[in-house]
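One structure is given here, and the rest of the page talks about it.
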Amino acid sequence: MPPDLTPKAKANVSMVIETMYAIAAEPDKWEQIVQALDVEASDAPPEAEGAARLAVLAGDRGEAAQVGVVLINAAGGASAWNAAGEAVFHQRLGVIEAQGLRFFNPANHEALDQARHRLRGTQGRQVIVKFSQADDEAPHFAYVVPASGLPAALAAGVGGAVTLGEGACAVVFPAVEATDRLWANLRESFGLTPAETRLAARLKDGLTLKEAAVELNVSFNTVRNQLRAIFEKVGLSRQSELIRTLTQLGSLATSFQESSGRGLLGPPIAATERGAVETSPPIRFLALPDGRRLAWRAYGDPKGKAVLVVHQGLGCSIMPRGTDALARDLGLRLLCPERPGAGRSDISPDYSYEAVGRDFADLCRDQGLAEVQVAAFMSGAPFALMAARELGPIASRVLLASARPSGQTLETERDKGHAVVLFRRRILRNAWLADMVFAMMRLQLTRKQLEKFVRAAASAPGDAAYLRTHPGVLEFIVDYISESLALTSRGIADEIKCSARSPTLDLSRLSAPITVWHGEQDPMNTAADVTAWLNDRQESLRIFPDAGHFLPHKHWPEVLAWLAA
C-alpha cells in the first residue's frame with residue numbers, strides 16, 4: 001500500500017479488499033460490498049493496495065489482453081513477454097531480466113524449475129505452478145506450457161519469436177474466465193480425487209459448503225473434510241483463496257486444447273445465449289477513426305425512421321424479445337451501440353461523455369442518417385445528450401426514460417432498503433475503487449448472483465410487482481448484464497469514474513427537444529432531480545405512478561410507439 005495514504009484511507013482500502021475476498025468465498029453475500037463502501041470519500045490513487053492487480057484482471061482489450069505471457073528459452077532466460085505478463089511480475093512477483101525471471105521470493109525459482117522439469121515429462125501438456133506473492137499470503141497460479149503450443153490468440157501479443165526451439169516454454173498467467181477443462185487439469189496437477197473435484201466445482205459456482213453438501217447428497221462433515229484435503233493438496237488455507245485460484249486458473253483451461261484451429265477466446269464467463277440473446281440480430285462493428293471497434297446491433301425496418309438507442313449501465317445492444325418484429329411493424333430502425341468496454345466494444349483511453357457521444361455520432365454518420373431520434377435509459381442519459389449535441393440538427397428529439405443525472409449524490413433516509421441505490425451512491429463517492437470492485441464482481445459472476453442482484457434492484461413496489469408477474473424480464477436483464485461484462489468490466493468502471501467527475505453537462509449546443517419519462521417510485525432519483533440537472537431544458541415531462549426504475553422494461557412497447565408517432 002502506498003505510504004502517502006492517510007490511516008483512514010488505508011483502513012478504507014483494506015476494508016473493501018477484505019470484503020471482496022470474503023465475498024469470493026460466499027458470493028451470495030454481495031450486499032456486504034454496500035456496507036464496505038460506506039466509508040469516507042478518499043482521493044487514494046488507483047495503484048493503492050490490490051487495485052492495480054485487480055485492474056489487470058479487468059483487462060484492456062478483451063481476453064487476450066488479460067492474459068500474461070512470458071517466454072522462457074531453453075537456458076532459462078526470459079526472451080519475450082506481453083504487457084500483462086510484465087505487469088504481474090512488476091506488481092507482485094519480481095522483475096523480468098534477460099537472463100531470467102528474478103523473483104522477490106527465491107522459492108519461486110525452484111517452483112518454476114520443477115514445473116519446467118515436469119513439463120518435459122508430460123509429452124507437451126500444461127503444468128500448473130504456484131508462485132508465492134511478494135507481500136501477500138495469497139499465492140499466484142500460472143500455467144507452464146511448451147512455447148510451440150502457445151495459442152495464436154496469446155502469441156499475437158508477445159513481442160518476440162514464439163518458437164524458441166526445443167525446451168522453450170511459456171509461463172502464462174490466467175485471465176478471469178471459467179471453463180470446464182479446469183477440473184481435469186486440477187486433478188492431474190494436485191492429485192484431487194473425483195469427490196474433491198466435484199466439491200471444488202460447486203464452490204467455484206458460488207455454492208456455500210452447506211448448499212454443496214445438499215447438491216452432492218453427502219453430509220456437511222464430509223464436504224468439510226474434503227475441503228480440508230483440497231487445502232492441503234493445493235497449498236491454501238482459506239476458502240476465499242481457493243475461489244480466487246479456481247477462477248483465475250479456469251481462464252486458460254481451454255486455451256491449450258489439442259485440437260487445432262481454436263484460440264483463447266471461448267465462451268465468456270456468464271454470457272448466455274438464452275432469452276433475448278438468441279432472438280437478437282447479429283452484432284456489427286464500426287471501425288472508429290482511432291482504430292477502436294464500436295459494436296452495435298440494428299433492429300426493425302432497415303429503411304424505417306432511425307432511432308439511436310443508448311442502453312443503461314451494465315447494459316449492451318441486446319433489446320427485449322420481440323423488439324425486432326415490433327420495430328419493423330412500427331416502421332422504426334433502431335441502432336443500438338455498445339459503449340467502450342461494454343459488450344463487444346473496445347475500451348477507450350479517452351472515456352468521457354463527450355468522447356462516447358462522438359463515437360455514437362460517427363455511427364449515425366457512417367449509416368448516412370439525415371435525421372435520427374435519440375432514446376436513452378437510466379445512466380445512458382448523459383451519453384445520449386452528448387450524442388445529440390454532437391449530431392446537431394440531425395438529432396430531431398431526445399427521450400430520457402428513468403434518467404440518472406451524472407455526478408455524486410448524497411445518501412438520504414429514503415435510500416434505506418434499496419441496496420442497489422446505496423451501492424451506486426457509495427461507489428460514486430469512492431470512484432477510484434470502481435476498477436477493483438467491478439473486476440472482482442466479474443471474477444465471481446454467476447447467473448445465481450446476477451438474479452439476486454436484479455431482484456434487489458426491484459426494490460420499488462411497482463418494480464417488484466412487475467417482476468413477479470413477468471418473470472421473463474429477469475432472464476432478459478441477466479442476459480444483457482452478462483453480455484455487457486462478457487469481455488471486461490472496464491466499461492462500467494470507466495462509466496462510474498466519468499460520472500463522478502462530471503456533475504454537469506454543457507448543453508448549450510444541444511438543439512433537439514428533450515422529453516423526460518420517470519417512475520414516481522424510482523428509488524434512485526426523482527423527476528425533479530432530472531429536470532434540475534437539465535436546467536429545466538426539457539420540453540415535456542411524464543410521470544408513471546406505477547413504476548420505479550424498471551419503467552423502460554415495463555413500458556417498452558409504449559416507448560417504441562412514442563418514437564414511431
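Order determines the names: the first chain of the C-alpha cells is A, the second B, and so forth; residues in each chain are numbered 1 upward, and ligands are numbered 1 upward as they are shown.
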Exercise. If you count only C-alpha atoms, which residues fall within 12 Å of Asp546 of chain A, apart from same-chain ones fewer than 6 positions away, as JSON, numbers by chain?
Worked result: {"A": [460, 461, 462, 463, 464, 465, 466, 518, 519, 520, 521, 522, 554, 555]}
Which residues come within 10 Å of segment 386-391 of chain A, counting only C-alpha atoms, excluding same-chain residues fewer than 3 positions away, as a PyMOL selection string? chain A and resi 308+310+352-362+364-365+370-375+381-383+394-398+505-513
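Atom CA of Ala200 of chain A is found 27.3 Å from atom CA of Glu110 of chain A.
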- prompt: Pick from A:Ile318, A:Ala87, A:Leu369, A:Ala170: nearest to Lys305 of chain A, with only C-alpha atoms counted?
  reply: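 The closest residue to Lys305 of chain A is A:Leu369.
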Write out as a PyMOL selection string the residues lying within 9 Å of Glu97 of chain A, counting only C-alpha atoms and excluding same-chain residues fewer than 2 positions away. chain A and resi 77-79+95+99-102
Output C-alpha atoms for every residue in the selection just made, as a PDB file, in the first residue's frame.
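Output contents, as saved in part_12.pdb:
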ATOM      1  CA  GLY A  77      16.308 -16.741 -19.898  1.00  0.00           C
ATOM      2  CA  ALA A  78      13.278 -14.518 -20.467  1.00  0.00           C
ATOM      3  CA  SER A  79      13.051 -13.957 -24.221  1.00  0.00           C
ATOM      4  CA  VAL A  95      11.475  -8.435 -12.179  1.00  0.00           C
ATOM      5  CA  GLN A  99      18.947 -13.816 -18.007  1.00  0.00           C
ATOM      6  CA  GLY A 100      15.659 -14.937 -16.499  1.00  0.00           C
ATOM      7  CA  LEU A 101      12.925 -14.125 -14.017  1.00  0.00           C
ATOM      8  CA  ARG A 102      14.147 -12.590 -10.773  1.00  0.00           C
TER       9      ARG A 102
END
Which neighbours of Ala527 of chain A fall inside 12 Å, counting only C-alpha atoms, when residues of the same chain fewer than 2 positions from it are skipped, and could you give them as an MDAnalysis selection string?
chainID A and resid 400:405 515:525 529:534 536 538 540:545 548:549
Residue set, segment 375-547 of chain A restricted to alpha helix (DSSP H), as a PyMOL selection string:
chain A and resi 381-391+419-429+434-443+447-457+461-469+472-484+490-500+527-533
Exercise for review: Just the residues within 8 Å of segment 224-234 of chain A, please, counting only C-alpha atoms, with nothing from its chain fewer than 4 positions along; format it as a list in words.
Suggested key: Phe190, Gly191, Leu192, Ala195, Glu196, Leu199, Ala200, Leu209, Phe220, Arg238 and Leu242 of chain A
note - atom CA of Thr197 of chain A and atom CA of Ala486 of chain A are separated by 25.9 Å
Practice task
Using atom CA of Tyr299 of chain A and atom CA of Phe377 of chain A as the two end points, give the distance in Å to one decimal.
Solution key: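 Rounded to one decimal, the two atoms are 17.0 Å apart.
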Handout entry: Per-residue DSSP, segment 76-106 of chain A, filtered to strand (DSSP E or B), as a list of chain:residue names
Key =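 For segment 76-106 of chain A, the strand (DSSP E or B) set is A:Ala78, A:Ser79, A:Ala80, A:Trp81, A:Gly94, A:Val95, A:Ile96, A:Glu97, A:Gly100, A:Leu101, A:Arg102, A:Phe103.
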Worksheet item: Neighbours of Pro106 of chain A within 12 Å (only C-alpha atoms; same-chain residues fewer than 2 positions away dropped), as a list in words?
Response: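 In the requested form, the answer reads Leu93, Gly94, Leu101, Arg102, Phe103, Phe104, Asn108, His109, Glu110, Ala111, Leu112, Asp113, Phe131, Ser132, Gln133 and Ala134 of chain A.
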* Go through A:Ala458, A:Gly491, A:Ala384, A:Ile477 one by one, measure the shortest atom-to-atom distance of each to Ala276 of chain A using only C-alpha atoms, and give the residue with the smallest value. =>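 Ranked by minimum distance to Ala276 of chain A, first place goes to A:Ile477.
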Which residues, written as a CSV table (one decimal) with N, CA and C atoms, in the first residue's frame, have at least one atom at most 8 Å from Arg293 of chain A, with only C-alpha atoms counted and residues fewer than 6 positions away on the same chain left out?
chain,number,residue,atom,x,y,z
A,285,PHE,N,-19.8,-4.3,-36.3
A,285,PHE,CA,-18.7,-3.5,-35.8
A,285,PHE,C,-18.4,-2.3,-36.8
A,286,LEU,N,-18.2,-1.2,-36.1
A,286,LEU,CA,-17.8,0.0,-36.9
A,286,LEU,C,-16.3,0.3,-36.5
A,287,ALA,N,-15.4,0.5,-37.5
A,287,ALA,CA,-14.1,0.9,-37.2
A,287,ALA,C,-14.1,2.4,-37.0
A,345,SER,N,-17.6,-3.8,-27.6
A,345,SER,CA,-16.9,-2.6,-28.0
A,345,SER,C,-15.5,-2.5,-27.3
A,346,ASP,N,-14.5,-2.0,-28.0
A,346,ASP,CA,-13.2,-1.8,-27.4
A,346,ASP,C,-13.3,-0.7,-26.4
From the list A:Ala306, A:Leu487, A:Leu71, A:Leu150, the nearest residue to Leu330 of chain A using only C-alpha atoms is A:Ala306
